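Have a look at model14.txt; it's compact mmCIF, C-alpha atoms:
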```txt
# COMPACT_ATOMS: atom_id res chain seq x y z
CA MET A 1 -0.07 -14.86 0.03
CA GLN A 2 1.51 -13.48 3.19
CA TYR A 3 -0.17 -10.52 4.89
CA ALA A 4 0.67 -7.85 7.43
CA VAL A 5 -1.52 -5.48 9.40
CA ALA A 6 -0.80 -1.79 8.91
CA CYS A 7 -3.01 1.21 9.64
CA GLY A 8 -5.62 -1.29 10.76
CA GLU A 9 -5.72 -2.92 7.31
CA LYS A 10 -4.77 -6.45 6.25
CA ILE A 11 -2.28 -5.79 3.46
CA SER A 12 -0.59 -8.29 1.15
CA ARG A 13 3.18 -8.35 1.70
CA LEU A 14 3.60 -8.01 -2.08
CA ALA A 15 2.17 -4.89 -3.71
CA PHE A 16 1.83 -4.10 -7.41
CA GLY A 17 3.78 -0.93 -8.17
CA THR A 18 2.83 0.68 -11.48
CA MET A 19 5.84 2.83 -12.30
CA ARG A 20 7.28 0.28 -14.78
CA LEU A 21 4.28 -1.19 -16.57
CA PRO A 22 4.68 -3.25 -19.78
CA LEU A 23 4.77 -1.16 -22.93
CA MET A 24 3.76 -1.51 -26.57
CA GLU A 25 6.20 -0.81 -29.40
CA ASP A 26 4.96 2.77 -29.64
CA GLY A 27 5.75 3.38 -25.96
CA SER A 28 2.14 3.29 -24.76
CA ILE A 29 1.08 1.04 -21.89
CA ASP A 30 0.15 -2.53 -22.86
CA GLN A 31 -3.31 -2.52 -21.25
CA GLU A 32 -4.03 -6.14 -22.14
CA GLN A 33 -0.91 -7.31 -20.31
CA VAL A 34 -1.62 -5.02 -17.34
CA ASN A 35 -5.09 -6.56 -17.13
CA ALA A 36 -3.62 -10.08 -17.16
CA MET A 37 -1.08 -9.20 -14.47
CA THR A 38 -3.76 -7.61 -12.31
CA ASP A 39 -6.09 -10.57 -12.73
CA TYR A 40 -3.33 -12.94 -11.66
CA ALA A 41 -2.45 -10.72 -8.71
CA MET A 42 -6.07 -10.51 -7.54
CA GLU A 43 -6.54 -14.26 -7.96
CA HIS A 44 -3.50 -14.91 -5.76
CA GLY A 45 -4.29 -12.48 -2.96
CA VAL A 46 -2.43 -9.26 -3.85
CA ASN A 47 -4.65 -6.47 -2.56
CA TYR A 48 -2.41 -3.36 -2.57
CA TYR A 49 -1.92 -1.39 -5.81
CA ASP A 50 0.23 1.73 -6.05
CA THR A 51 0.26 4.49 -8.64
CA ALA A 52 1.20 8.17 -8.84
CA TYR A 53 0.33 11.30 -10.78
CA PRO A 54 3.50 11.42 -12.96
CA TYR A 55 3.99 7.69 -13.66
CA HIS A 56 3.98 6.90 -17.38
CA GLY A 57 3.24 10.53 -18.22
CA GLY A 58 0.02 10.45 -16.22
CA MET A 59 -1.31 7.23 -17.78
CA SER A 60 -0.43 4.75 -15.02
CA GLU A 61 -3.50 5.84 -13.03
CA VAL A 62 -5.71 5.19 -16.05
CA ALA A 63 -4.20 1.77 -16.72
CA ILE A 64 -4.51 0.40 -13.19
CA GLY A 65 -7.97 1.94 -12.88
CA LYS A 66 -9.13 0.04 -15.96
CA ALA A 67 -7.54 -3.19 -14.76
CA LEU A 68 -9.24 -3.01 -11.36
CA ALA A 69 -12.62 -1.73 -12.60
CA LYS A 70 -14.27 -5.15 -12.75
CA TYR A 71 -13.48 -5.99 -9.13
CA PRO A 72 -15.57 -4.97 -6.10
CA ARG A 73 -14.11 -1.77 -4.66
CA GLU A 74 -13.68 -3.29 -1.20
CA SER A 75 -11.58 -6.17 -2.61
CA PHE A 76 -8.48 -4.05 -3.23
CA MET A 77 -6.61 -1.09 -1.77
CA LEU A 78 -5.44 1.66 -4.09
CA ALA A 79 -2.68 4.13 -3.29
CA ASP A 80 -1.99 7.36 -5.15
CA LYS A 81 0.24 10.38 -4.55
CA PHE A 82 0.15 14.18 -4.73
CA PRO A 83 3.10 15.49 -6.79
CA GLY A 84 4.33 18.21 -4.44
CA HIS A 85 7.92 17.20 -5.19
CA GLN A 86 7.61 18.40 -8.78
CA PHE A 87 8.38 21.91 -9.93
CA MET A 88 5.02 23.38 -10.91
CA LYS A 89 3.74 26.84 -11.75
CA LYS A 90 0.94 26.20 -9.26
CA TYR A 91 -0.17 23.33 -7.04
CA ASP A 92 -3.85 22.79 -7.75
CA CYS A 93 -4.75 20.32 -4.99
CA GLU A 94 -8.45 20.05 -5.83
CA GLY A 95 -7.93 19.83 -9.59
CA ILE A 96 -5.20 17.20 -9.36
CA PHE A 97 -7.02 15.11 -6.73
CA ASN A 98 -10.30 15.08 -8.64
CA ASP A 99 -8.41 14.21 -11.83
CA GLN A 100 -6.75 11.28 -10.04
CA LEU A 101 -10.05 9.94 -8.73
CA GLU A 102 -11.56 10.17 -12.22
CA LYS A 103 -8.60 8.53 -13.98
CA CYS A 104 -8.54 5.68 -11.46
CA GLY A 105 -12.33 5.32 -11.62
CA VAL A 106 -12.79 5.37 -7.83
CA ASP A 107 -14.56 7.53 -5.25
CA TYR A 108 -11.80 7.35 -2.66
CA PHE A 109 -8.21 6.23 -2.14
CA ASP A 110 -7.35 3.73 0.56
CA PHE A 111 -3.83 5.14 0.92
CA TYR A 112 -2.77 8.58 -0.23
CA LEU A 113 0.76 9.92 -0.08
CA PHE A 114 2.48 13.25 -0.30
CA HIS A 115 4.95 12.28 -2.99
CA ASN A 116 8.59 12.51 -1.98
CA ILE A 117 8.88 15.03 0.83
CA TYR A 118 12.62 15.63 0.89
CA GLU A 119 15.13 18.39 1.57
CA ASN A 120 13.98 20.57 -1.32
CA SER A 121 10.28 19.79 -1.66
CA ILE A 122 9.42 20.27 2.02
CA ALA A 123 9.28 24.03 1.33
CA THR A 124 6.41 23.38 -1.10
CA TYR A 125 4.49 21.34 1.45
CA ARG A 126 5.10 23.98 4.13
CA ASN A 127 3.88 26.84 1.93
CA THR A 128 0.55 27.94 3.39
CA ASP A 129 -0.37 29.68 0.13
CA TYR A 130 -0.60 26.24 -1.50
CA GLY A 131 -2.49 24.72 1.44
CA ILE A 132 -1.48 21.19 0.45
CA ILE A 133 -1.44 19.59 3.89
CA ASP A 134 -4.71 21.19 5.00
CA TYR A 135 -6.52 20.22 1.80
CA PHE A 136 -5.69 16.52 2.03
CA VAL A 137 -6.30 16.29 5.76
CA LYS A 138 -9.76 17.64 4.91
CA GLN A 139 -10.24 14.98 2.21
CA LYS A 140 -9.48 12.35 4.80
CA GLU A 141 -12.13 13.84 7.09
CA LEU A 142 -14.57 13.70 4.16
CA GLY A 143 -13.84 10.00 3.57
CA LYS A 144 -12.14 10.43 0.19
CA ILE A 145 -8.87 9.22 1.75
CA LYS A 146 -8.75 6.42 4.32
CA HIS A 147 -5.07 6.65 5.29
CA LEU A 148 -2.71 9.57 4.76
CA GLY A 149 1.07 9.25 4.63
CA PHE A 150 4.11 10.23 2.60
CA SER A 151 7.00 8.90 0.58
CA THR A 152 10.51 10.21 0.89
CA HIS A 153 13.99 9.99 -0.57
CA ALA A 154 15.33 12.34 2.08
CA ARG A 155 18.60 11.60 3.80
CA ALA A 156 18.29 9.86 7.14
CA GLU A 157 19.47 12.95 9.03
CA ASN A 158 16.62 15.02 7.54
CA LEU A 159 13.80 12.52 8.09
CA GLU A 160 13.26 13.40 11.75
CA GLU A 161 12.71 17.07 10.86
CA ILE A 162 10.15 16.03 8.24
CA LEU A 163 8.32 13.78 10.70
CA ASP A 164 8.23 16.51 13.33
CA TYR A 165 6.73 18.93 10.81
CA LEU A 166 4.10 16.52 9.50
CA GLY A 167 2.83 15.66 12.97
CA ASP A 168 0.35 13.01 14.04
CA TRP A 169 -1.61 12.81 10.78
CA ALA A 170 1.18 10.83 9.06
CA GLU A 171 0.09 7.18 9.36
CA PHE A 172 2.77 5.48 7.25
CA CYS A 173 5.91 6.17 5.23
CA GLN A 174 7.29 4.81 1.95
CA ILE A 175 11.09 4.63 1.60
CA GLN A 176 13.70 3.16 -0.74
CA LEU A 177 14.93 -0.01 0.92
CA ASN A 178 16.95 -3.03 -0.13
CA TYR A 179 19.99 -4.84 1.23
CA VAL A 180 22.37 -2.45 -0.58
CA ASP A 181 20.65 0.80 0.44
CA TYR A 182 20.35 -0.53 3.99
CA THR A 183 23.86 0.89 4.40
CA LEU A 184 24.53 2.79 1.15
CA GLN A 185 21.66 5.23 1.76
CA ASP A 186 21.50 4.50 5.51
CA ALA A 187 17.98 3.11 5.24
CA ARG A 188 18.74 1.27 8.47
CA SER A 189 18.54 4.57 10.38
CA LYS A 190 15.31 5.51 8.60
CA ILE A 191 13.70 2.21 9.60
CA GLY A 192 14.74 2.75 13.21
CA LEU A 193 13.31 6.25 13.28
CA LEU A 194 10.03 5.26 11.65
CA GLY A 195 9.73 2.28 13.96
CA SER A 196 10.23 4.51 16.99
CA ARG A 197 7.31 6.66 15.76
CA GLY A 198 5.12 3.60 15.23
CA LEU A 199 4.87 4.16 11.47
CA PRO A 200 4.67 1.11 9.18
CA VAL A 201 7.12 1.09 6.27
CA ILE A 202 6.13 0.62 2.65
CA VAL A 203 9.12 -0.35 0.53
CA MET A 204 9.97 1.03 -2.90
CA GLU A 205 12.90 0.04 -5.13
CA PRO A 206 13.40 -3.41 -3.54
CA LEU A 207 15.51 -4.43 -6.57
CA ARG A 208 17.11 -1.03 -7.22
CA GLY A 209 15.43 -0.72 -10.61
CA GLY A 210 16.29 -4.33 -11.49
CA LYS A 211 19.99 -4.11 -10.62
CA LEU A 212 19.58 -6.61 -7.77
CA ALA A 213 17.94 -9.21 -10.03
CA ASN A 214 21.39 -10.16 -11.35
CA LEU A 215 24.35 -10.02 -8.94
CA GLY A 216 27.04 -11.34 -11.22
CA GLU A 217 28.10 -14.90 -11.94
CA GLU A 218 29.81 -15.60 -8.61
CA ASN A 219 27.09 -14.22 -6.37
CA ASN A 220 24.30 -15.72 -8.49
CA ALA A 221 25.96 -19.15 -8.18
CA LYS A 222 26.28 -18.75 -4.39
CA LEU A 223 22.55 -18.10 -4.05
CA ALA A 224 21.58 -20.87 -6.49
CA ALA A 225 23.62 -23.39 -4.48
CA LEU A 226 21.60 -22.57 -1.36
CA ARG A 227 18.14 -22.26 -2.98
CA PRO A 228 18.27 -23.75 -6.47
CA ASP A 229 14.55 -23.34 -7.13
CA GLU A 230 14.40 -19.63 -6.35
CA SER A 231 15.28 -16.59 -8.46
CA VAL A 232 17.97 -14.09 -7.53
CA ALA A 233 15.23 -11.47 -7.14
CA SER A 234 13.44 -13.59 -4.54
CA TRP A 235 16.36 -13.15 -2.15
CA SER A 236 15.74 -9.41 -2.06
CA PHE A 237 12.10 -9.89 -1.16
CA ARG A 238 12.80 -12.54 1.47
CA TRP A 239 15.47 -10.29 2.98
CA LEU A 240 12.95 -7.46 3.32
CA ALA A 241 10.32 -9.78 4.80
CA GLU A 242 12.53 -10.27 7.87
CA ILE A 243 12.32 -6.57 8.82
CA PRO A 244 9.38 -6.21 11.25
CA GLU A 245 8.62 -2.58 10.36
CA VAL A 246 7.99 -3.48 6.69
CA ALA A 247 4.29 -3.80 5.90
CA THR A 248 4.40 -4.34 2.14
CA VAL A 249 6.92 -4.32 -0.69
CA LEU A 250 6.14 -2.49 -3.94
CA SER A 251 7.46 -4.29 -6.96
CA GLY A 252 7.41 -2.44 -10.27
CA MET A 253 6.63 -5.54 -12.31
CA SER A 254 6.55 -5.23 -16.08
CA SER A 255 5.61 -8.77 -17.13
CA LEU A 256 3.34 -11.60 -16.06
CA GLU A 257 6.40 -13.79 -15.51
CA GLN A 258 7.75 -11.35 -12.94
CA MET A 259 4.36 -11.24 -11.25
CA LYS A 260 4.22 -15.04 -11.01
CA ASP A 261 7.75 -15.29 -9.63
CA ASN A 262 7.14 -12.62 -6.99
CA ILE A 263 3.82 -14.12 -5.90
CA ARG A 264 5.53 -17.49 -5.55
CA THR A 265 8.15 -15.86 -3.31
CA PHE A 266 5.52 -14.32 -1.04
CA SER A 267 3.43 -17.50 -0.95
CA GLU A 268 5.91 -20.36 -0.72
CA GLY A 269 9.34 -21.27 0.58
CA GLU A 270 11.25 -20.82 3.80
CA PRO A 271 12.15 -17.41 5.24
CA LEU A 272 15.81 -16.46 5.32
CA SER A 273 17.86 -17.62 8.25
CA LYS A 274 19.88 -15.11 10.25
CA GLU A 275 23.00 -16.38 8.46
CA GLU A 276 21.41 -15.93 5.03
CA TRP A 277 20.14 -12.45 5.94
CA ASP A 278 23.64 -11.38 7.01
CA MET A 279 25.11 -13.02 3.90
CA MET A 280 23.04 -10.66 1.73
CA LEU A 281 24.59 -7.68 3.51
CA ASP A 282 28.01 -9.17 2.80
CA ILE A 283 27.09 -9.56 -0.87
CA ALA A 284 25.95 -5.94 -0.88
CA GLU A 285 29.46 -4.88 0.09
CA THR A 286 30.88 -6.72 -2.93
CA LEU A 287 28.53 -4.78 -5.22
CA LYS A 288 29.53 -1.36 -3.98
CA VAL A 289 32.21 0.69 -5.66
CA GLY A 290 33.63 4.01 -4.60
CA VAL A 291 35.64 5.21 -1.63
CA PRO A 292 35.83 3.66 1.89
CA CYS A 293 34.51 6.66 3.81
CA THR A 294 33.52 5.79 7.39
CA ALA A 295 31.93 9.20 8.13
CA CYS A 296 34.38 9.89 10.96
CA ARG A 297 34.09 13.59 10.01
CA TYR A 298 37.73 14.40 10.77
CA CYS A 299 37.81 16.00 7.31
CA CYS A 300 35.07 18.51 8.16
CA LYS A 301 36.88 20.30 10.96
CA GLY A 302 39.48 21.94 8.76
CA CYS A 303 37.42 22.52 5.58
CA PRO A 304 37.55 26.28 4.83
CA MET A 305 34.31 26.01 2.82
CA GLY A 306 32.37 24.19 5.53
CA LEU A 307 31.48 21.29 3.23
CA ASP A 308 29.71 18.21 4.57
CA ILE A 309 32.34 15.96 3.06
CA PRO A 310 30.98 12.57 4.29
CA MET A 311 27.58 13.44 2.82
CA LEU A 312 29.18 14.30 -0.51
CA LEU A 313 31.27 11.13 -0.51
CA ALA A 314 28.15 9.07 0.23
CA GLY A 315 26.47 10.61 -2.81
CA TYR A 316 29.55 9.87 -4.89
CA ASN A 317 29.45 6.20 -3.81
CA ASP A 318 25.74 6.00 -4.62
CA LEU A 319 26.28 7.35 -8.14
CA LYS A 320 29.20 4.98 -8.67
CA PHE A 321 26.97 2.03 -7.72
CA ALA A 322 24.25 2.93 -10.20
CA SER A 323 22.77 5.89 -12.00
CA ALA A 324 20.75 7.42 -9.17
CA LEU A 325 18.40 10.30 -9.85
CA THR A 326 17.66 10.31 -6.13
CA VAL A 327 21.20 11.55 -5.51
CA LYS A 328 20.77 14.39 -7.98
CA MET A 329 17.40 15.14 -6.42
CA GLN A 330 18.94 15.36 -2.95
CA MET A 331 21.68 17.61 -4.28
CA ASP A 332 18.99 19.90 -5.71
CA GLY A 333 17.99 20.38 -2.07
CA THR A 334 21.55 21.17 -0.98
CA PRO A 335 22.63 24.84 -0.80
CA ALA A 336 24.69 25.85 -3.83
CA ASP A 337 27.64 26.84 -1.65
CA LYS A 338 27.87 23.28 -0.29
CA TRP A 339 28.17 21.46 -3.61
CA PRO A 340 31.38 19.58 -4.47
CA ASP A 341 32.47 22.25 -6.97
CA LYS A 342 33.05 24.59 -4.01
CA CYS A 343 36.05 22.51 -2.91
CA VAL A 344 39.18 24.68 -3.18
CA SER A 345 41.53 21.65 -3.22
CA CYS A 346 43.49 22.85 -0.20
CA GLY A 347 44.11 19.25 0.84
CA ALA A 348 43.38 19.80 4.55
CA CYS A 349 40.74 17.01 4.43
CA ALA A 350 42.96 14.44 2.74
CA ALA A 351 45.76 15.12 5.20
CA VAL A 352 43.67 13.90 8.15
CA CYS A 353 41.65 11.15 6.42
CA PRO A 354 42.27 7.80 8.19
CA GLN A 355 41.29 6.01 4.97
CA HIS A 356 43.79 8.03 2.89
CA ILE A 357 41.09 9.11 0.42
CA ASP A 358 42.05 11.71 -2.19
CA ILE A 359 39.06 13.80 -1.19
CA PRO A 360 39.69 16.81 -3.50
CA GLY A 361 40.08 14.47 -6.46
CA VAL A 362 36.93 12.54 -5.59
CA LEU A 363 34.90 15.74 -5.16
CA LYS A 364 36.06 16.95 -8.57
CA GLU A 365 34.94 13.67 -10.15
CA TYR A 366 31.64 13.81 -8.24
CA ASP A 367 30.94 17.29 -9.58
CA GLU A 368 31.48 16.03 -13.13
CA MET A 369 29.15 13.08 -12.48
CA LEU A 370 26.41 15.35 -11.15
CA HIS A 371 26.46 17.37 -14.34
CA THR A 372 26.08 14.32 -16.58
CA GLY A 373 22.53 13.60 -17.72
CA PRO A 374 19.29 15.22 -16.51
CA THR A 375 18.89 16.68 -13.05
CA TRP A 376 15.89 15.87 -10.89
CA ALA A 377 14.43 19.30 -11.68
CA ASP A 378 14.81 18.58 -15.41
CA LEU A 379 12.99 15.27 -15.02
CA CYS A 380 10.14 16.87 -13.07
CA ARG A 381 9.71 19.55 -15.72
CA GLU A 382 9.68 16.93 -18.46
CA ARG A 383 6.98 14.98 -16.61
CA GLU A 384 4.91 18.09 -16.09
CA GLU A 385 5.15 19.02 -19.77
CA ALA A 386 4.20 15.45 -20.79
CA ALA A 387 1.18 15.54 -18.48
CA GLU A 388 0.07 18.89 -19.95
CA ARG A 389 0.40 17.51 -23.49
CA LEU A 390 -1.71 14.47 -22.57
CA LYS A 391 -4.34 16.67 -20.96
CA ALA A 392 -4.48 18.81 -24.08
CA GLY A 393 -4.85 15.69 -26.22
CA LYS A 394 -1.61 16.28 -28.10
```

Once you've parsed the file, please lay out its structure as structure tokens.
Amino acid sequence: MQYAVACGEKISRLAFGTMRLPLMEDGSIDQEQVNAMTDYAMEHGVNYYDTAYPYHGGMSEVAIGKALAKYPRESFMLADKFPGHQFMKKYDCEGIFNDQLEKCGVDYFDFYLFHNIYENSIATYRNTDYGIIDYFVKQKELGKIKHLGFSTHARAENLEEILDYLGDWAEFCQIQLNYVDYTLQDARSKIGLLGSRGLPVIVMEPLRGGKLANLGEENNAKLAALRPDESVASWSFRWLAEIPEVATVLSGMSSLEQMKDNIRTFSEGEPLSKEEWDMMLDIAETLKVGVPCTACRYCCKGCPMGLDIPMLLAGYNDLKFASALTVKMQMDGTPADKWPDKCVSCGACAAVCPQHIDIPGVLKEYDEMLHTGPTWADLCREREEAAERLKAGK
């Protein structure tokens, strides 16, 4: 197993993310399979395990806690998160934190994160009535948290504001990163900013929810010709391993076979060459669909509604690539008067677009896409209701 040093800890480059655990036919977590996956991970040097309050309706913490219970506490690092990004009637820091410790069966967390501080949820974390930041800084002082950080799906242009607000206590940051989102969600800028602050990066969504495990017949064949003994998924992990700011990569594995393949990737084989690394960025461009916006911002100068058109087009491209709740979540943090439905179709933007994009038409389609399926707020409410039902034993 490969390791990195972050926050003074020796961390396995592969981490077990527990958002997509194996399930039984009735939808409950397959504890026996989770145990087998955890045993294999521990045997092969994986020492970082990540869970969160809402995962699997609140049962992910229980499952990974049971799986790790037989191992000495100092032999693994456990990460959990406070759900300040969810819409709640109240934010009971003490109640939630104590519940998490109990469900995981531990006395402390090695890494603890403020879950998804982004454009909309930062108001919750800033609210002094809730006292979220102060409470968890205190828990760190008491030894119940060893390292305190945060995860974020914020846009790159908003991350600096978040870092400035959080201050020196933020020791690490977890972001969505893969060779597609390196440019599609401008993760490249986020890495640069975090690196300049000296914060190690923990990676989530390295395979974009599994989408990067199969790149289509042509691209799959290209990779197989170069490394016939390696899976398509392994290319994503090896690509990430070449980024110096990356400390560990969370993989939401849902089978023992996936665990074995990922451990093999982080234990064997040659790293990617510079040519192979760049090739993956080229492949990423073949996967993208949407409009060729270059963010020149010529379109913004004449918009009578003051819309951030490049930002809206980037969201459109992201949704065209894959169903992305993160996009809807970010739009929940965008003022209502800056949504795509506020476009008046005057055509001033399209008239000056060097790429000749039908911007009014695209914004109309984007608005329709945003109103298809659940919003981020809907999902958060559903998770909260599920957690309350579980707590009530229903």

Inset, instruction - For atom CA of Met305 of chain A and atom CA of Asp341 of chain A, quote the distance in Å rounded to one decimal. - result: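 Here the two named atoms are 10.6 Å from each other.
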
Inset, instruction - Name the closest residue to Gly209 of chain A among the candidates A:His371, A:Lys301, A:Lys222, A:Arg20; distances are taken between atoms, counting all atoms listed in the file. - result: A:Arg20

Legend entry - Spatial neighbours of segment 308-319 of chain A, 10 Å, all atoms listed in the file, chain gap at least 2 places, as number ranges by chain: A: 155, 180-181, 184-186, 288-301, 303, 305-306, 321-328, 330-331, 338-340, 343, 349, 359-360, 362-363, 365-367, 369-370

Legend entry - Shortest interatomic distance to Ile162 of chain A - which of A:Asn220, A:Ser254, A:Asn116, A:Thr334, counting only C-alpha atoms: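 Looking only at the distances to Ile162 of chain A, the closest residue turns out to be A:Asn116.
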
12 Å contact set for Pro83 of chain A, all atoms listed in the file, chain neighbours under 3 positions out, as a PDB file with C-alpha atoms, in the coordinates of the input:
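See selection_19.pdb below for the written result:
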```
ATOM      1  CA  THR A  51       0.260   4.490  -8.640  1.00  0.00           C
ATOM      2  CA  ALA A  52       1.200   8.170  -8.840  1.00  0.00           C
ATOM      3  CA  TYR A  53       0.330  11.300 -10.780  1.00  0.00           C
ATOM      4  CA  PRO A  54       3.500  11.420 -12.960  1.00  0.00           C
ATOM      5  CA  TYR A  55       3.990   7.690 -13.660  1.00  0.00           C
ATOM      6  CA  GLY A  58       0.020  10.450 -16.220  1.00  0.00           C
ATOM      7  CA  ASP A  80      -1.990   7.360  -5.150  1.00  0.00           C
ATOM      8  CA  GLN A  86       7.610  18.400  -8.780  1.00  0.00           C
ATOM      9  CA  PHE A  87       8.380  21.910  -9.930  1.00  0.00           C
ATOM     10  CA  MET A  88       5.020  23.380 -10.910  1.00  0.00           C
ATOM     11  CA  LYS A  90       0.940  26.200  -9.260  1.00  0.00           C
ATOM     12  CA  TYR A  91      -0.170  23.330  -7.040  1.00  0.00           C
ATOM     13  CA  ASP A  92      -3.850  22.790  -7.750  1.00  0.00           C
ATOM     14  CA  CYS A  93      -4.750  20.320  -4.990  1.00  0.00           C
ATOM     15  CA  ILE A  96      -5.200  17.200  -9.360  1.00  0.00           C
ATOM     16  CA  PHE A  97      -7.020  15.110  -6.730  1.00  0.00           C
ATOM     17  CA  GLN A 100      -6.750  11.280 -10.040  1.00  0.00           C
ATOM     18  CA  TYR A 112      -2.770   8.580  -0.230  1.00  0.00           C
ATOM     19  CA  LEU A 113       0.760   9.920  -0.080  1.00  0.00           C
ATOM     20  CA  PHE A 114       2.480  13.250  -0.300  1.00  0.00           C
ATOM     21  CA  HIS A 115       4.950  12.280  -2.990  1.00  0.00           C
ATOM     22  CA  ASN A 116       8.590  12.510  -1.980  1.00  0.00           C
ATOM     23  CA  ILE A 117       8.880  15.030   0.830  1.00  0.00           C
ATOM     24  CA  SER A 121      10.280  19.790  -1.660  1.00  0.00           C
ATOM     25  CA  ILE A 122       9.420  20.270   2.020  1.00  0.00           C
ATOM     26  CA  THR A 124       6.410  23.380  -1.100  1.00  0.00           C
ATOM     27  CA  TYR A 125       4.490  21.340   1.450  1.00  0.00           C
ATOM     28  CA  ILE A 132      -1.480  21.190   0.450  1.00  0.00           C
ATOM     29  CA  PHE A 150       4.110  10.230   2.600  1.00  0.00           C
ATOM     30  CA  SER A 151       7.000   8.900   0.580  1.00  0.00           C
ATOM     31  CA  THR A 152      10.510  10.210   0.890  1.00  0.00           C
ATOM     32  CA  CYS A 380      10.140  16.870 -13.070  1.00  0.00           C
ATOM     33  CA  ARG A 381       9.710  19.550 -15.720  1.00  0.00           C
ATOM     34  CA  ARG A 383       6.980  14.980 -16.610  1.00  0.00           C
ATOM     35  CA  GLU A 384       4.910  18.090 -16.090  1.00  0.00           C
ATOM     36  CA  ALA A 387       1.180  15.540 -18.480  1.00  0.00           C
TER      37      ALA A 387
END
```

Inset, instruction - Return the single residue from A:Glu217, A:Asp168, A:Asp332, A:Glu160 that is closest to Lys190 of chain A, with distances computed using all atoms listed in the file. - result: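 Under the stated criterion, the closest residue is A:Glu160.
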
Legend entry - Nearby residues (all atoms listed in the file) at most 7 Å from Asp50 of chain A, same-chain spacing under 6 positions excluded, as JSON, numbers by chain: {"A": [16, 17, 18, 78, 79, 80]}

Inset, instruction - For each of A:Ala6, A:Val246, A:Cys346, A:Val137, take the minimum atom-to-atom distance to Asn178 of chain A, counting all atoms listed in the file, then give the residue where this is smallest. - result: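 Selected residue with least distance to Asn178 of chain A: A:Val246.
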
Inset, instruction - Would you mind reading off the distance between atom CA of Leu240 of chain A and atom CA of Gly84 of chain A, one decimal, in Å? - result: 28.2 Å

Inset, instruction - In Å, rounded to a single decimal, give me how far atom CA of Lys66 of chain A is from atom CA of Val203 of chain A. - result: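 Going from atom CA of Val203 of chain A over to atom CA of Lys66 of chain A covers 24.6 Å.
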
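Using all atoms listed in the file for every distance, the candidate list A:Gly192, A:Gly198, A:Pro335, A:Gly105 yields A:Gly105 as the residue closest to Ala63 of chain A.
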